[in-house]
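Undergrad: Take this structure, written in structure tokens, and hold onto it; I'll ask about it next.
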Amino acid sequence: MKWLGLIGLAAVVLLTVGFWWVEPAVVQPIEYPHKTHVQQLKLACASCHQRVEKDAVAGRPPTALCLACHSGGETKSEEVKKIRAFGEKGQEIPWKRVWRLPSHVFFSHRTHVTVAKVKCQTCHGPMETLDRPPARALKTLAMNDCIGCHEQWEWPNEKGTGVVKAAAGRRVSTDCNACHR
């Protein structure tokens, strides 16, 4: 009887810890200001996340891309100095992942961004308003978010003059095997 009580207590503790578990905060090596680059310099997300339109993953910016704008001249910015230091050592900036999907879920940025024309903010939140990288994902997506979007999806018509509204699950799959591997 004593063991059953201990096992029950252990189960309650594990469930409680699991319920309150939050992804640990991520600290990026560079305090990249999305707001400056997107709102002030008018750069598109794909300017830095260059694989977003061609690949399943958006990719993180290579050091050489940052140095294309931040290589020369005097700077007071400690963040630009860090970028230059990585470049001088021939190193990539060790950006850390913030957004993660479960390993059994397949998501193609190319399909969503290029084909479906989904705005980055739909899944990532208002990144363009941030003065520094987020410590955690701004939005937590659940399967119902994806299903809801697939069921409501609109796409440009063939002439590009309007949109065609999808009937639930007709043109955009809600079949489990489309996303779950």
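Please note that chains go A, B, ... in the order of the structure tokens, that every chain numbers its residues from 1, and that ligands are numbered from 1 in the order shown.
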Report the residues of region 83-130 of chain A whose backbone DSSP state falls under helix (DSSP H, G or I), written as an NGL selection string.

TA: :A and (83-88 or 109-115 or 120-124 or 127-129)

Undergrad: Deliver the residues from the most recent selection as a file, using N, CA and C atoms, as a compact mmCIF listing (two decimals), in the first residue's frame.

TA:
# COMPACT_ATOMS: atom_id res chain seq x y z
N ILE A 83 29.36 40.78 -34.90
CA ILE A 83 29.20 40.21 -36.25
C ILE A 83 30.55 40.20 -36.95
N ARG A 84 31.26 41.30 -36.88
CA ARG A 84 32.57 41.41 -37.53
C ARG A 84 33.57 40.41 -36.94
N ALA A 85 33.49 40.20 -35.64
CA ALA A 85 34.40 39.24 -34.99
C ALA A 85 34.15 37.82 -35.52
N PHE A 86 32.88 37.44 -35.68
CA PHE A 86 32.58 36.13 -36.26
C PHE A 86 33.14 36.05 -37.67
N GLY A 87 32.97 37.13 -38.44
CA GLY A 87 33.48 37.16 -39.81
C GLY A 87 35.00 37.06 -39.88
N GLU A 88 35.68 37.77 -39.01
CA GLU A 88 37.14 37.73 -38.99
C GLU A 88 37.68 36.34 -38.67
N HIS A 109 8.21 25.73 -45.34
CA HIS A 109 8.10 27.19 -45.47
C HIS A 109 7.83 27.57 -46.92
N ARG A 110 8.51 26.91 -47.87
CA ARG A 110 8.33 27.25 -49.28
C ARG A 110 6.87 27.13 -49.68
N THR A 111 6.24 26.05 -49.33
CA THR A 111 4.83 25.84 -49.70
C THR A 111 3.94 26.92 -49.09
N HIS A 112 4.16 27.22 -47.83
CA HIS A 112 3.29 28.19 -47.15
C HIS A 112 3.57 29.63 -47.58
N VAL A 113 4.85 29.98 -47.76
CA VAL A 113 5.20 31.36 -48.09
C VAL A 113 5.05 31.65 -49.59
N THR A 114 5.55 30.76 -50.43
CA THR A 114 5.55 31.01 -51.87
C THR A 114 4.23 30.63 -52.52
N VAL A 115 3.74 29.45 -52.24
CA VAL A 115 2.52 28.97 -52.89
C VAL A 115 1.27 29.58 -52.24
N CYS A 120 4.55 35.78 -42.78
CA CYS A 120 5.38 35.23 -41.70
C CYS A 120 4.73 35.45 -40.34
N GLN A 121 4.09 36.61 -40.16
CA GLN A 121 3.48 36.97 -38.88
C GLN A 121 2.35 36.03 -38.48
N THR A 122 1.75 35.36 -39.45
CA THR A 122 0.65 34.44 -39.16
C THR A 122 1.10 33.38 -38.16
N CYS A 123 2.29 32.86 -38.34
CA CYS A 123 2.80 31.82 -37.44
C CYS A 123 3.80 32.36 -36.42
N HIS A 124 4.60 33.34 -36.83
CA HIS A 124 5.68 33.81 -35.96
C HIS A 124 5.31 35.01 -35.10
N MET A 127 7.14 39.86 -35.41
CA MET A 127 8.60 39.94 -35.29
C MET A 127 9.12 41.33 -35.66
N GLU A 128 8.45 41.97 -36.61
CA GLU A 128 8.91 43.27 -37.12
C GLU A 128 8.84 44.37 -36.06
N THR A 129 8.26 44.10 -34.93
CA THR A 129 8.14 45.11 -33.87
C THR A 129 9.22 44.96 -32.79

Undergrad: Fewer than 5 positions away in the same chain doesn't count, so skip those; otherwise give me all residues within 12 Å of Ile147 (chain A), counting only C-alpha atoms, as a list in words.

TA: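 The contact residues come out as Leu141, Ala142, Gln152, Trp153, Ala168, Gly169, Val172, Ser173, Thr174, Asp175, Cys176, Ala178 and Cys179 of chain A.
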
Undergrad: Could you give me, as a list in words, the residues within 10 Å of Ser71 (chain A), counting only C-alpha atoms and dropping anything in the same chain fewer than 2 positions from it?

TA: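 Using only C-alpha atoms, the neighbours found are Ala64, Leu65, Cys66, Leu67, Ala68, Cys69, Gly73, Glu74, Thr75, Val80, Lys81, Ile83, Arg84, Gly87 and Glu88 of chain A.
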
Undergrad: Tell me, as a list in words, which residues lie within 8 Å of region 27-40 of chain A, counting only C-alpha atoms; anything in the same chain fewer than 3 positions away does not count.

TA: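 Once the adjacent positions are removed, what remains is Leu43, Ala44, Cys45, Glu79, Lys82, Ile83, Ile93, Pro94, Trp95, Lys96, Met127, Glu128, Thr129, Leu130, Asp131, Arg132, Pro133 and Ala135 of chain A.
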
Undergrad: Kindly export the residues of the current selection with C-alpha atoms, as a PDB file, in the first residue's frame.

TA:
ATOM      1  CA  LEU A  43      13.898  44.609 -45.658  1.00  0.00           C
ATOM      2  CA  ALA A  44      11.622  41.650 -46.300  1.00  0.00           C
ATOM      3  CA  CYS A  45      11.927  38.587 -44.082  1.00  0.00           C
ATOM      4  CA  GLU A  79      26.376  43.970 -31.895  1.00  0.00           C
ATOM      5  CA  LYS A  82      30.286  40.881 -32.650  1.00  0.00           C
ATOM      6  CA  ILE A  83      29.202  40.212 -36.253  1.00  0.00           C
ATOM      7  CA  ILE A  93      26.984  33.246 -36.139  1.00  0.00           C
ATOM      8  CA  PRO A  94      25.671  30.471 -33.867  1.00  0.00           C
ATOM      9  CA  TRP A  95      22.019  31.470 -34.025  1.00  0.00           C
ATOM     10  CA  LYS A  96      19.787  29.355 -31.798  1.00  0.00           C
ATOM     11  CA  MET A 127       8.600  39.944 -35.286  1.00  0.00           C
ATOM     12  CA  GLU A 128       8.914  43.273 -37.116  1.00  0.00           C
ATOM     13  CA  THR A 129       8.143  45.113 -33.866  1.00  0.00           C
ATOM     14  CA  LEU A 130      11.013  43.610 -31.848  1.00  0.00           C
ATOM     15  CA  ASP A 131      14.154  45.518 -30.861  1.00  0.00           C
ATOM     16  CA  ARG A 132      15.846  42.266 -29.830  1.00  0.00           C
ATOM     17  CA  PRO A 133      15.348  38.581 -30.575  1.00  0.00           C
ATOM     18  CA  ALA A 135      13.638  34.514 -25.846  1.00  0.00           C
TER      19      ALA A 135
END
